[in-house]
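Structure first, then comments.
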Amino acid sequence: MIGRDLLGIERLERAEIERILDTAEHMREIGTREVKKVPTLRGRTIVNLFFESSTRTRASFEIAGKRLSADVINFSPSTSSLKKAESILDTARTLDAMDPDAVVVRHAEAGVPQRIADVLAAPVINAGDGAHEHPTQALLDLLTVRQEKGCIDGLTVTIVGDILHSRVARSNIYAFRKLGAEVRIAAPPPMIPCAIEALGVKAYTSLREALEGADVVMALRIQNERLAGAYFPSTREYSATFGIDRAKLRFAKDDAIVMHPGPVNRGVELAHDLADHRPGVILDQVRNGVAIRMAVLYLFAGRQPAEAAR
Ligand code: CP
């Protein structure tokens with residue numbers, strides 16, 4: 001995978017996904033040591049190019065790079081020459097001329113990481129683009145479920161909420177399907193994208209039916225910044241119908257886990273206690289985010305075996 005872009009789960013093979021997960025298992029151990037640092041990427045440079053706000057993804061890419069001894073540069077759009085009308089592609093070309101070994105890109109518009117990858121020599125890692133994909137989120141979700149359930153094959157995963165605007169939903173649909181899970185989605189009708197069932201999922205407007213027999217319940221954030229119109233009558237009604245709480249969770253399997261990519265609108269898509277306590281695993285997802293991003297930087301931005309041997 002060295003030197004390749006990671007733009008989405010759609011383009012990954014099952015074996016590649018499993019290799020990333022297996023590598024992340026090793027990386028997680030590094031985070032438990034007293035000195036959380038290995039020299040694996042010493043002398044490599046990672047540029048974080050975040051044009052959209054982020055807490056988890058940006059911080060964990062930075063921590064991941066530093067744990068591997070890479071030099072990590074966090075580019076800040078608000079203090080850059082973007083403010084002098086320099087284009088995004090010229091900004092990317094400028095940074096590429098400084099010879100980074102990987103560029104991590106987040107943007108509110110779908111397709112920007114691909115456009116940047118088209119003009120860059122360095123591999124581009126998509127850290128979330130519009131409603132398109134968020135591949136490292138899906139990988140950390142797979143890792144969390146694999147830890148909890150032992151394997152992905154044969155599980156039933158129910159994704160609940162704003163599917164229409166969710167890059168997390170799209171990447172997770174590809175990811176869990178490729179690893180052999182049944183994926184269901186549940187949402188108010190306007191939040192179910194046309195032809196979503198072509199991705200191999202079953203769509204439900206009844207949360208109860210969608211949850212029956214589920215091993216994994218994944219609540220999605222209501223993406224207020226992407227809602228251009230009214231998709232449900234009120235936040236209160238959404239919460240009553242599609243918000244995940246312990247009462248609704250009774251329809252899922254007894255040992256079902258509850259996930260959320262964050263940030264959580266507490267009391268809207270997820271009850272407060274599930275955000276903090278089991279079967280909620282939200283902070284485990286965050287913890288696994290560092291291990292997954294270490295694995296991705298190692299596998300996509302590491303040295304070729306001959307180079308590493310020198
Ligand atoms: N899940 C996720 O992408 O969170 P951030 O927006 O905080 O990075």
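Letters for chains follow the order of the structure tokens (A, B, ...), residue numbers begin at 1 for each chain, and ligand numbers begin at 1 in the order shown.
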Write out as a short mmCIF file (atom, residue, chain, number, x, y, z; two decimals) with all heavy atoms, in the first residue's frame which residues come within 8 Å of region 249-259 of chain A when counting only C-alpha atoms, dropping same-chain ones fewer than 6 positions away.
```
data_model
loop_
_atom_site.label_atom_id
_atom_site.label_comp_id
_atom_site.auth_asym_id
_atom_site.auth_seq_id
_atom_site.Cartn_x
_atom_site.Cartn_y
_atom_site.Cartn_z
N ARG A 208 -37.81 0.04 15.30
CA ARG A 208 -37.98 -1.24 15.99
C ARG A 208 -37.62 -2.41 15.07
O ARG A 208 -36.88 -3.31 15.45
CB ARG A 208 -39.43 -1.35 16.47
CG ARG A 208 -39.67 -2.64 17.20
CD ARG A 208 -41.09 -2.73 17.71
NE ARG A 208 -41.26 -4.00 18.39
CZ ARG A 208 -42.08 -4.22 19.38
NH1 ARG A 208 -42.86 -3.27 19.81
NH2 ARG A 208 -42.17 -5.41 19.94
N LEU A 211 -33.91 -2.66 14.44
CA LEU A 211 -33.07 -3.07 15.58
C LEU A 211 -33.22 -4.55 15.93
O LEU A 211 -32.35 -5.10 16.63
CB LEU A 211 -33.44 -2.23 16.81
CG LEU A 211 -33.02 -0.76 16.79
CD1 LEU A 211 -33.43 -0.08 18.09
CD2 LEU A 211 -31.52 -0.60 16.57
N GLU A 212 -34.29 -5.17 15.47
CA GLU A 212 -34.53 -6.56 15.88
C GLU A 212 -33.37 -7.47 15.48
O GLU A 212 -33.02 -7.58 14.31
CB GLU A 212 -35.85 -7.07 15.30
CG GLU A 212 -36.98 -6.87 16.29
CD GLU A 212 -38.36 -7.00 15.69
OE1 GLU A 212 -38.50 -7.68 14.66
OE2 GLU A 212 -39.30 -6.41 16.27
N GLY A 213 -32.74 -8.06 16.47
CA GLY A 213 -31.63 -8.98 16.23
C GLY A 213 -30.30 -8.31 15.92
O GLY A 213 -29.34 -8.99 15.54
N ALA A 214 -30.20 -6.99 16.12
CA ALA A 214 -28.94 -6.30 15.78
C ALA A 214 -27.87 -6.58 16.83
O ALA A 214 -28.14 -6.60 18.03
CB ALA A 214 -29.18 -4.80 15.67
N ASP A 215 -26.63 -6.80 16.34
CA ASP A 215 -25.47 -6.96 17.22
C ASP A 215 -24.81 -5.62 17.51
O ASP A 215 -24.17 -5.45 18.54
CB ASP A 215 -24.40 -7.85 16.54
CG ASP A 215 -24.92 -9.23 16.22
OD1 ASP A 215 -24.98 -10.06 17.14
OD2 ASP A 215 -25.31 -9.47 15.05
N VAL A 216 -24.93 -4.72 16.55
CA VAL A 216 -24.27 -3.41 16.64
C VAL A 216 -25.28 -2.35 16.24
O VAL A 216 -25.94 -2.47 15.21
CB VAL A 216 -23.06 -3.33 15.68
CG1 VAL A 216 -22.44 -1.94 15.69
CG2 VAL A 216 -22.02 -4.40 16.02
N VAL A 217 -25.41 -1.33 17.09
CA VAL A 217 -26.31 -0.20 16.78
C VAL A 217 -25.42 1.04 16.68
O VAL A 217 -24.74 1.40 17.64
CB VAL A 217 -27.37 -0.01 17.88
CG1 VAL A 217 -28.29 1.16 17.52
CG2 VAL A 217 -28.16 -1.30 18.09
N MET A 218 -25.42 1.65 15.51
CA MET A 218 -24.58 2.83 15.30
C MET A 218 -25.47 4.05 15.09
O MET A 218 -26.17 4.14 14.09
CB MET A 218 -23.69 2.61 14.07
CG MET A 218 -22.67 3.71 13.86
SD MET A 218 -21.69 3.40 12.36
CE MET A 218 -20.83 1.89 12.80
N ALA A 219 -25.46 4.96 16.06
CA ALA A 219 -26.23 6.19 15.92
C ALA A 219 -25.36 7.22 15.21
O ALA A 219 -24.16 7.31 15.46
CB ALA A 219 -26.64 6.71 17.30
N LEU A 274 -25.89 6.39 27.47
CA LEU A 274 -25.26 5.52 26.48
C LEU A 274 -24.01 6.18 25.88
O LEU A 274 -23.12 5.49 25.38
CB LEU A 274 -26.25 5.16 25.37
CG LEU A 274 -27.34 4.16 25.78
CD1 LEU A 274 -28.36 4.00 24.65
CD2 LEU A 274 -26.73 2.81 26.14
N ARG A 278 -21.37 1.64 29.02
CA ARG A 278 -21.74 0.46 28.24
C ARG A 278 -23.24 0.23 28.31
O ARG A 278 -23.84 0.57 29.32
CB ARG A 278 -20.97 -0.76 28.77
CG ARG A 278 -19.46 -0.65 28.44
CD ARG A 278 -18.79 -1.97 28.68
NE ARG A 278 -19.27 -2.96 27.74
CZ ARG A 278 -18.73 -3.19 26.54
NH1 ARG A 278 -17.70 -2.49 26.11
NH2 ARG A 278 -19.23 -4.11 25.75
N PRO A 279 -23.79 -0.33 27.21
CA PRO A 279 -23.10 -0.88 26.05
C PRO A 279 -22.58 0.16 25.07
O PRO A 279 -22.17 -0.20 23.97
CB PRO A 279 -24.16 -1.78 25.42
CG PRO A 279 -25.46 -1.15 25.77
CD PRO A 279 -25.27 -0.55 27.12
N GLY A 280 -22.58 1.43 25.44
CA GLY A 280 -21.94 2.43 24.59
C GLY A 280 -20.43 2.23 24.59
O GLY A 280 -19.84 1.97 25.65
N VAL A 281 -19.80 2.33 23.41
CA VAL A 281 -18.34 2.11 23.30
C VAL A 281 -17.67 3.31 22.62
O VAL A 281 -16.67 3.16 21.93
CB VAL A 281 -18.02 0.79 22.55
CG1 VAL A 281 -18.50 -0.42 23.35
CG2 VAL A 281 -18.65 0.77 21.15
N ILE A 282 -18.22 4.48 22.84
CA ILE A 282 -17.81 5.66 22.08
C ILE A 282 -16.34 6.02 22.32
O ILE A 282 -15.60 6.31 21.37
CB ILE A 282 -18.75 6.86 22.40
CG1 ILE A 282 -20.11 6.69 21.71
CG2 ILE A 282 -18.16 8.18 21.93
CD1 ILE A 282 -21.09 5.85 22.41
N GLN A 285 -14.00 3.69 20.59
CA GLN A 285 -13.84 4.07 19.17
C GLN A 285 -12.75 5.15 19.04
O GLN A 285 -11.90 5.07 18.16
CB GLN A 285 -15.16 4.61 18.61
CG GLN A 285 -16.28 3.59 18.50
CD GLN A 285 -17.58 4.24 18.09
OE1 GLN A 285 -18.46 4.47 18.92
NE2 GLN A 285 -17.73 4.56 16.82
#
```
Within 7 Å of ligand 1: each chain A residue with its shortest pair, only C-alpha atoms and all ligand atoms, as a tab-separated table:
```
residue	atom	partner	partner_atom_place_in_ligand_line	distance
A:Ser53	CA	ligand 1	6 (O)	6.3
A:Ser54	CA	ligand 1	8 (O)	3.8
A:Thr55	CA	ligand 1	7 (O)	3.6
A:Arg56	CA	ligand 1	7 (O)	4.0
A:Thr57	CA	ligand 1	8 (O)	3.7
A:Arg58	CA	ligand 1	8 (O)	5.9
A:Gly128	CA	ligand 1	3 (O)	6.9
A:Gln137	CA	ligand 1	1 (N)	6.3
A:Pro261	CA	ligand 1	1 (N)	4.3
A:Gly262	CA	ligand 1	1 (N)	4.8
A:Pro263	CA	ligand 1	4 (O)	5.9
```
Selection to disk with N, CA and C atoms, as an mmCIF file, in the first residue's frame:
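And here's part.cif as it stands now:
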```cif
data_model
loop_
_atom_site.group_PDB
_atom_site.id
_atom_site.type_symbol
_atom_site.label_atom_id
_atom_site.label_comp_id
_atom_site.auth_asym_id
_atom_site.auth_seq_id
_atom_site.Cartn_x
_atom_site.Cartn_y
_atom_site.Cartn_z
ATOM 1 N N SER A 53 -13.648 21.713 10.379
ATOM 2 C CA SER A 53 -13.313 21.500 11.786
ATOM 3 C C SER A 53 -13.301 20.010 12.153
ATOM 4 N N SER A 54 -12.512 19.705 13.157
ATOM 5 C CA SER A 54 -12.357 18.311 13.600
ATOM 6 C C SER A 54 -11.684 18.316 14.962
ATOM 7 N N THR A 55 -12.099 17.421 15.823
ATOM 8 C CA THR A 55 -11.372 17.183 17.071
ATOM 9 C C THR A 55 -10.695 15.820 17.007
ATOM 10 N N ARG A 56 -11.520 14.762 16.833
ATOM 11 C CA ARG A 56 -11.000 13.395 16.930
ATOM 12 C C ARG A 56 -10.016 13.056 15.813
ATOM 13 N N THR A 57 -10.427 13.325 14.579
ATOM 14 C CA THR A 57 -9.633 12.861 13.441
ATOM 15 C C THR A 57 -8.299 13.608 13.384
ATOM 16 N N ARG A 58 -8.376 14.916 13.548
ATOM 17 C CA ARG A 58 -7.142 15.701 13.448
ATOM 18 C C ARG A 58 -6.183 15.371 14.596
ATOM 19 N N GLY A 128 -12.132 12.643 5.603
ATOM 20 C CA GLY A 128 -13.555 12.993 5.575
ATOM 21 C C GLY A 128 -13.816 14.069 4.543
ATOM 22 N N GLN A 137 -12.542 6.501 9.795
ATOM 23 C CA GLN A 137 -13.608 6.307 10.794
ATOM 24 C C GLN A 137 -14.178 4.887 10.675
ATOM 25 N N PRO A 261 -19.961 8.005 15.970
ATOM 26 C CA PRO A 261 -18.653 8.523 15.538
ATOM 27 C C PRO A 261 -18.232 9.793 16.278
ATOM 28 N N GLY A 262 -19.190 10.485 16.923
ATOM 29 C CA GLY A 262 -18.915 11.761 17.565
ATOM 30 C C GLY A 262 -18.756 12.859 16.523
ATOM 31 N N PRO A 263 -18.931 14.090 16.909
ATOM 32 C CA PRO A 263 -19.416 14.527 18.215
ATOM 33 C C PRO A 263 -20.888 14.190 18.392
#
```
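In this comparison, which uses only C-alpha atoms, the residue of A:Ala102, A:Ile30, A:Ile73, A:Leu155 approaching Ile125 (chain A) most closely is A:Ala102.
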> Counting only C-alpha atoms, which of A:Ile244, A:Ala97, A:Val296, A:Ile152 gets nearest to Arg266 (chain A)?
Replying inline: A:Ile244
> Out of A:Val38, A:Ala122, A:Val47, A:Ala301, which residue has the shortest atom-to-atom distance to His26 (chain A) when counting only C-alpha atoms?
Replying inline: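 Selected residue with least distance to His26 (chain A): A:Val38.
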>> Between CA of Ile292 (chain A) and CA of Ala24 (chain A), what distance in Å does the model show, to one decimal?
In response: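 Pair CA of Ile292 (chain A) / CA of Ala24 (chain A) returns 5.0 Å.
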>> At a cut-off of 12 Å, using only C-alpha atoms, what residues contact Ser78 (chain A)? Leave out same-chain residues fewer than 3 positions from it and give the result as a list in words.
In response: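 Counting only the stated atoms, we get Leu49, Phe50, Phe51, Glu52, Ser53, Asn74, Phe75, Ser81, Leu82, Lys83, Lys84 and Ala85 of chain A.
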> So, counting only C-alpha atoms, which residue among A:Ala175, A:Leu220, A:Ala275, A:Leu164 is closest to Ala138 (chain A)?
Replying inline: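 So, comparing all the options, the nearest one is A:Ala175.
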>> Restricting the calculation to only C-alpha atoms: of A:Gln223, A:Gln114, A:Thr144, A:Thr94, which residue gets closest to Ile163 (chain A)?
In response: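 So, comparing all the options, the nearest one is A:Gln223.
Within region 141-185 of chain A, DSSP applied to the backbone places the following residues in alpha helix (DSSP H): Asp141, Leu142, Leu143, Thr144, Val145, Arg146, Gln147, Glu148, Lys149, Arg167, Val168, Ala169, Arg170, Ser171, Asn172, Ile173, Tyr174, Ala175, Phe176, Arg177 and Lys178 of chain A.
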> Can you tell me how far CA of Tyr231 (chain A) sits from CA of Pro188 (chain A), in Å to one decimal?
Replying inline: 7.5 Å
>> Can you tell me, as a list in words, which residues in region 202-268 of chain A count as strand (DSSP E or B) by DSSP?
In response: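 Answer for region 202-268 of chain A, restricted to strand (DSSP E or B): Lys202, Ala203, Tyr204, Val216, Val217, Met218, Ala219, Ile244, Ile257, Val258, Met259 and Arg266 of chain A.
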Dump N, CA and C atoms for the selected residues as a short mmCIF file (atom, residue, chain, number, x, y, z; two decimals), in the first residue's frame?
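Ended up saving to result.cif:
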```
data_model
loop_
_atom_site.label_atom_id
_atom_site.label_comp_id
_atom_site.auth_asym_id
_atom_site.auth_seq_id
_atom_site.Cartn_x
_atom_site.Cartn_y
_atom_site.Cartn_z
N LYS A 202 -30.41 -2.90 3.69
CA LYS A 202 -31.87 -2.85 3.72
C LYS A 202 -32.25 -1.58 4.48
N ALA A 203 -33.17 -0.81 3.92
CA ALA A 203 -33.57 0.46 4.53
C ALA A 203 -34.89 0.30 5.29
N TYR A 204 -34.95 0.89 6.48
CA TYR A 204 -36.13 0.81 7.33
C TYR A 204 -36.55 2.23 7.75
N VAL A 216 -24.93 -4.72 16.55
CA VAL A 216 -24.27 -3.41 16.64
C VAL A 216 -25.28 -2.35 16.24
N VAL A 217 -25.41 -1.33 17.09
CA VAL A 217 -26.31 -0.20 16.78
C VAL A 217 -25.42 1.04 16.68
N MET A 218 -25.42 1.65 15.51
CA MET A 218 -24.58 2.83 15.30
C MET A 218 -25.47 4.05 15.09
N ALA A 219 -25.46 4.96 16.06
CA ALA A 219 -26.23 6.19 15.92
C ALA A 219 -25.36 7.22 15.21
N ILE A 244 -31.50 6.83 20.16
CA ILE A 244 -31.21 5.53 20.78
C ILE A 244 -31.11 5.71 22.30
N ILE A 257 -23.89 -3.75 21.13
CA ILE A 257 -23.12 -2.57 21.54
C ILE A 257 -23.65 -1.36 20.79
N VAL A 258 -23.38 -0.18 21.38
CA VAL A 258 -23.87 1.08 20.79
C VAL A 258 -22.67 1.93 20.42
N MET A 259 -22.66 2.39 19.18
CA MET A 259 -21.54 3.19 18.68
C MET A 259 -22.03 4.56 18.21
N ARG A 266 -26.03 15.06 22.50
CA ARG A 266 -26.56 14.27 23.62
C ARG A 266 -28.06 14.52 23.80
#
```
> Got a sec: who's within 6 Å of Ser239 (chain A), counting only C-alpha atoms, leaving out chain neighbours fewer than 4 positions off, as a VMD selection string?
Replying inline: chain A and resid 243 268 to 269
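The shell of residues at most 9 Å from Asp96 (chain A), with only C-alpha atoms counted and near chain neighbours (fewer than 5 positions) removed, consists of Thr91, Asp101, Val103, Leu120, Ala121 and Ala122 of chain A.
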Those residues with C-alpha atoms, as a PDB file, in the first residue's frame please?
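See part_26.pdb below for the written result:
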```pdb
ATOM      1  CA  THR A  91      -2.026  25.426  -1.617  1.00  0.00           C
ATOM      2  CA  ASP A 101       5.510  11.790   2.774  1.00  0.00           C
ATOM      3  CA  VAL A 103      -0.982  14.623   3.206  1.00  0.00           C
ATOM      4  CA  LEU A 120       0.195  15.620  -5.590  1.00  0.00           C
ATOM      5  CA  ALA A 121       3.186  13.298  -5.577  1.00  0.00           C
ATOM      6  CA  ALA A 122       2.656  12.424  -1.898  1.00  0.00           C
TER       7      ALA A 122
END
```
> Near Arg177 (chain A), counting only C-alpha atoms, which residues have an atom at most 9 Å away, once you skip same-chain residues fewer than 6 positions from it, shown as a ChimeraX atom specification?
Replying inline: /A:153,183,199-201
> Given the choices A:Leu6, A:Ile222, A:Leu283, A:Ile192, which gets closest to Val105 (chain A) if the distance is worked out from only C-alpha atoms?
Replying inline: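 So, comparing all the options, the nearest one is A:Leu6.
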>> Would you pick out the contacts of Asn172 (chain A) at 9 Å or less, using only C-alpha atoms, so that residues sharing its chain but fewer than 6 positions from it are not included, and give the list as a ChimeraX atom specification?
In response: /A:9,133-135,137-139,141-142,159,183
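One finds CA of Leu41 (chain A) at 5.2 Å from CA of Leu68 (chain A).
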